[in-house]
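Colleague: For reference, the file data00.pdb (PDB, C-alpha atoms) is included below:
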ATOM      1  CA  MET A 257     -27.080 -27.658 -41.346
ATOM      2  CA  PRO A 258     -23.870 -28.501 -39.461
ATOM      3  CA  LYS A 259     -23.448 -32.126 -38.526
ATOM      4  CA  ARG A 260     -24.451 -32.815 -34.917
ATOM      5  CA  GLY A 261     -22.272 -34.722 -32.466
ATOM      6  CA  TYR A 262     -18.532 -35.016 -32.139
ATOM      7  CA  HIS A 263     -17.549 -35.126 -35.816
ATOM      8  CA  HIS A 264     -17.874 -31.421 -36.484
ATOM      9  CA  GLY A 265     -15.416 -29.887 -38.946
ATOM     10  CA  ASN A 266     -13.927 -27.357 -36.512
ATOM     11  CA  LEU A 267     -16.021 -27.675 -33.409
ATOM     12  CA  ARG A 268     -13.832 -25.527 -31.178
ATOM     13  CA  GLN A 269     -13.976 -22.513 -33.490
ATOM     14  CA  ALA A 270     -17.662 -23.077 -34.235
ATOM     15  CA  LEU A 271     -18.391 -22.866 -30.507
ATOM     16  CA  ILE A 272     -16.311 -19.703 -30.135
ATOM     17  CA  ASP A 273     -18.117 -18.103 -33.085
ATOM     18  CA  ALA A 274     -21.485 -19.081 -31.603
ATOM     19  CA  ALA A 275     -20.482 -17.632 -28.230
ATOM     20  CA  LEU A 276     -19.393 -14.374 -29.852
ATOM     21  CA  LEU A 277     -22.796 -13.949 -31.477
ATOM     22  CA  LEU A 278     -24.580 -14.692 -28.203
ATOM     23  CA  ILE A 279     -22.271 -12.362 -26.256
ATOM     24  CA  GLU A 280     -22.979  -9.548 -28.697
ATOM     25  CA  VAL A 281     -26.752  -9.951 -28.358
ATOM     26  CA  ARG A 282     -27.152 -11.026 -24.734
ATOM     27  CA  GLY A 283     -23.943 -10.122 -22.967
ATOM     28  CA  PRO A 284     -21.326 -12.486 -21.530
ATOM     29  CA  MET A 285     -23.624 -13.856 -18.823
ATOM     30  CA  GLY A 286     -26.759 -14.043 -20.972
ATOM     31  CA  PHE A 287     -26.300 -17.489 -22.493
ATOM     32  CA  THR A 288     -25.569 -21.069 -21.509
ATOM     33  CA  LEU A 289     -23.139 -23.591 -22.938
ATOM     34  CA  SER A 290     -26.134 -25.561 -24.180
ATOM     35  CA  GLU A 291     -27.289 -22.526 -26.166
ATOM     36  CA  ALA A 292     -23.826 -22.087 -27.632
ATOM     37  CA  ALA A 293     -23.795 -25.754 -28.599
ATOM     38  CA  LYS A 294     -27.227 -25.489 -30.214
ATOM     39  CA  LYS A 295     -26.169 -22.439 -32.206
ATOM     40  CA  ALA A 296     -23.025 -24.271 -33.335
ATOM     41  CA  GLY A 297     -25.145 -27.268 -34.377
ATOM     42  CA  VAL A 298     -23.697 -29.818 -31.959
ATOM     43  CA  THR A 299     -24.819 -31.638 -28.841
ATOM     44  CA  PRO A 300     -24.230 -30.005 -25.440
ATOM     45  CA  ALA A 301     -21.966 -32.890 -24.439
ATOM     46  CA  ALA A 302     -19.631 -32.047 -27.323
ATOM     47  CA  VAL A 303     -18.786 -28.697 -25.756
ATOM     48  CA  TYR A 304     -16.946 -30.317 -22.870
ATOM     49  CA  ARG A 305     -14.449 -31.930 -25.220
ATOM     50  CA  HIS A 306     -13.007 -28.421 -25.666
ATOM     51  CA  PHE A 307     -14.156 -26.175 -22.795
ATOM     52  CA  GLU A 308     -14.599 -26.795 -19.090
ATOM     53  CA  GLY A 309     -17.352 -24.211 -18.768
ATOM     54  CA  ARG A 310     -18.778 -20.955 -20.061
ATOM     55  CA  GLU A 311     -15.984 -18.828 -18.591
ATOM     56  CA  ASP A 312     -13.428 -21.011 -20.360
ATOM     57  CA  LEU A 313     -15.262 -20.426 -23.656
ATOM     58  CA  ILE A 314     -15.457 -16.663 -23.063
ATOM     59  CA  ALA A 315     -11.753 -16.581 -22.162
ATOM     60  CA  GLU A 316     -10.929 -18.197 -25.504
ATOM     61  CA  ALA A 317     -13.040 -15.592 -27.290
ATOM     62  CA  ALA A 318     -11.144 -12.888 -25.379
ATOM     63  CA  LEU A 319      -7.819 -14.477 -26.340
ATOM     64  CA  GLN A 320      -8.716 -14.355 -30.017
ATOM     65  CA  GLY A 321      -9.971 -10.805 -29.570
ATOM     66  CA  TYR A 322      -6.708  -9.606 -28.067
ATOM     67  CA  GLY A 323      -4.852 -11.157 -30.981
ATOM     68  CA  ILE A 324      -6.997  -9.293 -33.497
ATOM     69  CA  PHE A 325      -6.787  -6.120 -31.421
ATOM     70  CA  ALA A 326      -3.004  -6.244 -31.172
ATOM     71  CA  ASP A 327      -2.696  -6.794 -34.925
ATOM     72  CA  LEU A 328      -4.961  -3.820 -35.647
ATOM     73  CA  MET A 329      -3.032  -1.625 -33.240
ATOM     74  CA  GLN A 330       0.287  -2.665 -34.767
ATOM     75  CA  ARG A 331      -0.933  -1.926 -38.309
ATOM     76  CA  ALA A 332      -2.241   1.448 -37.155
ATOM     77  CA  TYR A 333       1.082   2.269 -35.498
ATOM     78  CA  ASP A 334       2.999   1.224 -38.591
ATOM     79  CA  SER A 335       0.704   3.244 -40.862
ATOM     80  CA  GLY A 336       1.679   6.479 -39.110
ATOM     81  CA  GLN A 337       5.415   6.031 -39.434
ATOM     82  CA  PRO A 338       7.734   7.832 -39.506
ATOM     83  CA  SER A 339       5.632  10.479 -37.711
ATOM     84  CA  ALA A 340       5.357   9.702 -33.993
ATOM     85  CA  LEU A 341       2.258  11.904 -33.751
ATOM     86  CA  ALA A 342       0.523  10.239 -36.708
ATOM     87  CA  ALA A 343       1.364   6.768 -35.385
ATOM     88  CA  PHE A 344       0.056   7.637 -31.933
ATOM     89  CA  SER A 345      -3.174   9.128 -33.294
ATOM     90  CA  ALA A 346      -3.759   6.100 -35.505
ATOM     91  CA  THR A 347      -3.668   3.730 -32.537
ATOM     92  CA  GLY A 348      -6.486   5.670 -30.868
ATOM     93  CA  ARG A 349      -8.633   5.425 -33.978
ATOM     94  CA  ALA A 350      -7.858   1.710 -34.173
ATOM     95  CA  TYR A 351      -9.314   1.244 -30.681
ATOM     96  CA  LEU A 352     -12.661   2.660 -31.791
ATOM     97  CA  ALA A 353     -12.573   0.694 -35.030
ATOM     98  CA  PHE A 354     -11.980  -2.548 -33.149
ATOM     99  CA  ALA A 355     -14.875  -1.947 -30.751
ATOM    100  CA  ARG A 356     -17.216  -1.283 -33.672
ATOM    101  CA  THR A 357     -16.060  -4.131 -35.883
ATOM    102  CA  TYR A 358     -15.636  -6.857 -33.262
ATOM    103  CA  PRO A 359     -18.260  -6.160 -30.579
ATOM    104  CA  GLY A 360     -18.416  -9.749 -29.348
ATOM    105  CA  HIS A 361     -14.663  -9.911 -28.874
ATOM    106  CA  TYR A 362     -14.629  -6.466 -27.261
ATOM    107  CA  ILE A 363     -17.251  -7.486 -24.697
ATOM    108  CA  ALA A 364     -15.463 -10.764 -23.953
ATOM    109  CA  MET A 365     -12.220  -8.867 -23.405
ATOM    110  CA  PHE A 366     -13.410  -5.893 -21.373
ATOM    111  CA  GLU A 367     -16.886  -6.569 -19.983
ATOM    112  CA  SER A 368     -17.010 -10.265 -19.117
ATOM    113  CA  GLY A 369     -15.041 -10.175 -15.870
ATOM    114  CA  VAL A 370     -12.549 -12.720 -17.206
ATOM    115  CA  SER A 371      -9.092 -11.828 -15.890
ATOM    116  CA  ILE A 372      -6.333 -11.327 -18.425
ATOM    117  CA  ASN A 373      -4.198 -13.385 -16.038
ATOM    118  CA  ARG A 374      -6.479 -16.400 -16.352
ATOM    119  CA  THR A 375      -3.921 -18.059 -18.635
ATOM    120  CA  PRO A 376      -0.373 -17.176 -19.712
ATOM    121  CA  ASP A 377      -1.513 -16.973 -23.347
ATOM    122  CA  LEU A 378      -4.268 -14.504 -22.498
ATOM    123  CA  ALA A 379      -1.889 -12.353 -20.440
ATOM    124  CA  ALA A 380       0.662 -12.343 -23.264
ATOM    125  CA  ALA A 381      -1.934 -11.397 -25.877
ATOM    126  CA  ALA A 382      -3.242  -8.531 -23.749
ATOM    127  CA  ALA A 383       0.293  -7.326 -23.092
ATOM    128  CA  ARG A 384       1.094  -7.314 -26.818
ATOM    129  CA  ALA A 385      -1.793  -4.935 -27.508
ATOM    130  CA  ASN A 386      -0.804  -2.683 -24.629
ATOM    131  CA  ASP A 387       2.832  -2.700 -25.732
ATOM    132  CA  VAL A 388       1.916  -1.175 -29.102
ATOM    133  CA  LEU A 389       0.190   1.790 -27.487
ATOM    134  CA  GLU A 390       2.978   2.166 -24.946
ATOM    135  CA  GLN A 391       5.578   2.196 -27.731
ATOM    136  CA  ALA A 392       3.595   4.867 -29.584
ATOM    137  CA  ALA A 393       3.467   6.920 -26.378
ATOM    138  CA  ALA A 394       7.198   6.425 -25.789
ATOM    139  CA  ASP A 395       8.012   7.595 -29.310
ATOM    140  CA  LEU A 396       5.901  10.706 -28.972
ATOM    141  CA  SER A 397       7.098  11.563 -25.477
ATOM    142  CA  GLN A 398      10.662  11.864 -26.737
ATOM    143  CA  HIS A 399       9.609  15.340 -27.877
ATOM    144  CA  ILE A 400       8.986  16.357 -24.246
ATOM    145  CA  PRO A 401      11.899  17.587 -22.077
ATOM    146  CA  ALA A 402      13.115  14.738 -19.895
ATOM    147  CA  ASP A 403      12.270  16.533 -16.641
ATOM    148  CA  LYS A 404       8.644  17.017 -17.765
ATOM    149  CA  ARG A 405       8.156  13.696 -19.520
ATOM    150  CA  PRO A 406       5.575  11.308 -18.007
ATOM    151  CA  PRO A 407       6.425   7.601 -17.992
ATOM    152  CA  ALA A 408       5.336   6.008 -21.265
ATOM    153  CA  SER A 409       3.215   3.526 -19.303
ATOM    154  CA  MET A 410       1.291   6.403 -17.659
ATOM    155  CA  PHE A 411       0.972   8.272 -20.956
ATOM    156  CA  SER A 412      -0.455   5.209 -22.710
ATOM    157  CA  ALA A 413      -2.710   4.361 -19.749
ATOM    158  CA  HIS A 414      -4.284   7.823 -19.912
ATOM    159  CA  ILE A 415      -5.029   7.447 -23.618
ATOM    160  CA  TRP A 416      -6.275   3.874 -23.185
ATOM    161  CA  ALA A 417      -8.644   5.072 -20.451
ATOM    162  CA  LEU A 418      -9.871   7.951 -22.612
ATOM    163  CA  SER A 419     -10.423   5.645 -25.595
ATOM    164  CA  HIS A 420     -12.196   3.058 -23.461
ATOM    165  CA  GLY A 421     -14.429   5.685 -21.887
ATOM    166  CA  VAL A 422     -15.490   7.054 -25.257
ATOM    167  CA  VAL A 423     -16.299   3.539 -26.459
ATOM    168  CA  GLU A 424     -18.257   2.590 -23.364
ATOM    169  CA  LEU A 425     -20.228   5.797 -23.047
ATOM    170  CA  PHE A 426     -20.749   6.899 -26.614
ATOM    171  CA  ALA A 427     -19.753   4.256 -29.160
ATOM    172  CA  ARG A 428     -21.636   1.212 -27.862
ATOM    173  CA  ASN A 429     -25.112   2.696 -27.598
ATOM    174  CA  SER A 430     -25.425   2.724 -23.826
ATOM    175  CA  PRO A 431     -29.154   2.558 -22.969
ATOM    176  CA  GLY A 432     -30.671   5.998 -22.574
ATOM    177  CA  ARG A 433     -27.441   7.797 -23.422
ATOM    178  CA  ALA A 434     -27.146   9.793 -26.631
ATOM    179  CA  SER A 435     -23.736  10.909 -27.782
ATOM    180  CA  PRO A 436     -23.501  14.707 -28.029
ATOM    181  CA  PHE A 437     -20.895  14.324 -30.789
ATOM    182  CA  PRO A 438     -19.569  11.486 -32.962
ATOM    183  CA  ALA A 439     -17.366   9.158 -30.951
ATOM    184  CA  ASP A 440     -14.431   9.721 -33.310
ATOM    185  CA  ASP A 441     -14.645  13.468 -32.766
ATOM    186  CA  LEU A 442     -14.845  13.056 -28.994
ATOM    187  CA  LEU A 443     -11.744  10.894 -28.950
ATOM    188  CA  GLU A 444      -9.776  13.115 -31.315
ATOM    189  CA  THR A 445     -10.522  16.303 -29.412
ATOM    190  CA  GLY A 446      -9.922  14.629 -26.056
ATOM    191  CA  VAL A 447      -6.538  13.322 -27.152
ATOM    192  CA  GLY A 448      -5.777  16.756 -28.630
ATOM    193  CA  ILE A 449      -6.432  18.464 -25.292
ATOM    194  CA  TYR A 450      -4.204  15.926 -23.541
ATOM    195  CA  LEU A 451      -1.371  16.389 -26.040
ATOM    196  CA  ARG A 452      -1.621  20.183 -25.834
ATOM    197  CA  GLY A 453      -1.262  19.895 -22.084
ATOM    198  CA  LEU A 454       2.004  18.057 -22.627
ATOM    199  CA  GLY A 455       3.157  20.642 -25.139
ATOM    200  CA  LEU A 456       3.217  18.125 -27.980
ATOM    201  CA  ILE A 457       0.884  20.076 -30.238
ATOM    202  CA  THR A 458      -0.082  23.728 -30.377
ATOM    203  CA  CYS A 459      -3.507  25.296 -30.633
ATOM    204  CA  ASP A 460      -2.895  25.811 -34.347
ATOM    205  CA  ASP A 461      -2.238  22.104 -35.080
TER     206      ASP A 461
END
Starting from the file, give its structure as structure tokens.
Modeller:
Amino acid sequence: MPKRGYHHGNLRQALIDAALLLIEVRGPMGFTLSEAAKKAGVTPAAVYRHFEGREDLIAEAALQGYGIFADLMQRAYDSGQPSALAAFSATGRAYLAFARTYPGHYIAMFESGVSINRTPDLAAAAARANDVLEQAAADLSQHIPADKRPPASMFSAHIWALSHGVVELFARNSPGRASPFPADDLLETGVGIYLRGLGLITCDD
């Protein structure tokens, strides 16, 4: 059993890990700081040495999540090089993989109501993840004539929205909603339709 009180090995991280487990099971508003402290094996008073309240704890979980997310996106982008299309496609798959592998972080980031502008560090971490997808979109859009080329920020926002929608509706087991197809297939075909519309792939690709 972890030692109770203030002399915990890494109390801050233990509390974040406890919160992530509770968020995954109960949602971001379904637990108290006292419950997080109990799960971490420390007294409730110890929590306030590191976090002002539950939202502060969730924001820290989101910050760590964005760091993991950005790293995954960057590795996916790099794995597709030198093909702009392969790099772009890999970032979409990485979004689904992140949501599946890190559900507590995902919920803290996108479903908790915590603003990415809560702290400069959180805003910077969120921007780093977005920048990877925007760079992938910028690379791919170079194959579109300049007069028909959407801004890279719009291009990436469309794909982010599509990826997020697939996750929320079909990859996170929404109550009462059964996915008509595997989430990966839905995302791949949806992105394919979007890219065909931009003339980036043909019907034979």
Colleague: Quick one: apply the PyMOL selection byres ((chain A and resi 407-410) around 7) to the file and drop the selected residues here as a PyMOL selection string.
Modeller: chain A and resi 390+393-394+405-406+411-414
Colleague: Please write the residues from the selection above to a file, keeping C-alpha atoms, as a compact mmCIF listing (two decimals), keeping the file's coordinate frame.
Modeller:
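Here's the written file selection.txt:
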# COMPACT_ATOMS: atom_id res chain seq x y z
CA GLU A 390 2.98 2.17 -24.95
CA ALA A 393 3.47 6.92 -26.38
CA ALA A 394 7.20 6.42 -25.79
CA ARG A 405 8.16 13.70 -19.52
CA PRO A 406 5.58 11.31 -18.01
CA PHE A 411 0.97 8.27 -20.96
CA SER A 412 -0.46 5.21 -22.71
CA ALA A 413 -2.71 4.36 -19.75
CA HIS A 414 -4.28 7.82 -19.91
Colleague: Quick one: apply the PyMOL selection byres ((chain A and resi 303) around 10) to the file and drop the selected residues here as a PyMOL selection string.
Modeller: chain A and resi 261-262+267-268+271+289-290+292-293+296+298-302+304-310+313
Colleague: I'd like the interatomic distance between atom CA of Asn266 of chain A and atom CA of Gly321 of chain A, to a tenth of an Å.
Modeller: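 One can read the atom CA of Asn266 of chain A to atom CA of Gly321 of chain A distance as 18.4 Å.
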Colleague: Between A:Leu418, A:Ala270, A:Ile279, A:Met329, which residue has the minimum interatomic distance to Ser368 of chain A, considering only C-alpha atoms?
Modeller: A:Ile279
Colleague: Quick one: pull the distance between atom CA of Leu454 of chain A and atom CA of Ala350 of chain A, Å, one decimal.
Modeller: 22.3 Å
Colleague: Of the candidates A:Leu378, A:Ala355, A:Ser435, A:Ser345, which one gets nearest to Tyr450 of chain A if we count all atoms listed in the file?
Modeller: A:Ser345
Colleague: Using only the atoms of segment 376-381 of chain A listed in the file, plus 3 Å on each side, state the axis-aligned box centre and edge lengths in Å rounded to one decimal, as lines of an AutoDock Vina configuration file.
Modeller:
center_x = -1.8
center_y = -14.3
center_z = -22.8
size_x = 10.9
size_y = 11.8
size_z = 12.2
Colleague: Counting only C-alpha atoms, which of A:Arg356, A:His361, A:Lys294, A:Arg384 gets nearest to Asp327 of chain A?
Modeller: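 Checking each candidate against Asp327 of chain A, we get A:Arg384 as the closest.
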Colleague: Rounded to one decimal in Å, what is the spacing between atom CA of Asn373 of chain A and atom CA of Pro284 of chain A?
Modeller: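 Rounded to one decimal, the two atoms are 18.0 Å apart.
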Colleague: When you count only C-alpha atoms, which of these residues is closest to Gly446 of chain A: A:Thr357, A:Ala427, A:Ala380, A:Gly348?
Modeller: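 Among A:Thr357, A:Ala427, A:Ala380, A:Gly348, it is A:Gly348 that comes nearest to Gly446 of chain A.
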Colleague: Name the closest residue to Tyr333 of chain A among the candidates A:Ala379, A:Ala353, A:Leu389, A:Val447; distances are taken between atoms, counting only C-alpha atoms.
Modeller: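 Counting only C-alpha atoms, the residue closest to Tyr333 of chain A is A:Leu389.
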Colleague: Would you list the contacts of Gly369 of chain A as a PyMOL selection string, taking every protein, DNA or RNA residue within 10 Å and counting only C-alpha atoms, but skipping same-chain residues closer than 2 positions in sequence?
Modeller: chain A and resi 284-285+311+314-315+363-367+371-372
Colleague: Could you check which of A:Leu396, A:Ile324, A:Ala382, A:Leu443 is closest to Gly336 of chain A, using all atoms listed in the file?
Modeller: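 So, comparing all the options, the nearest one is A:Leu396.
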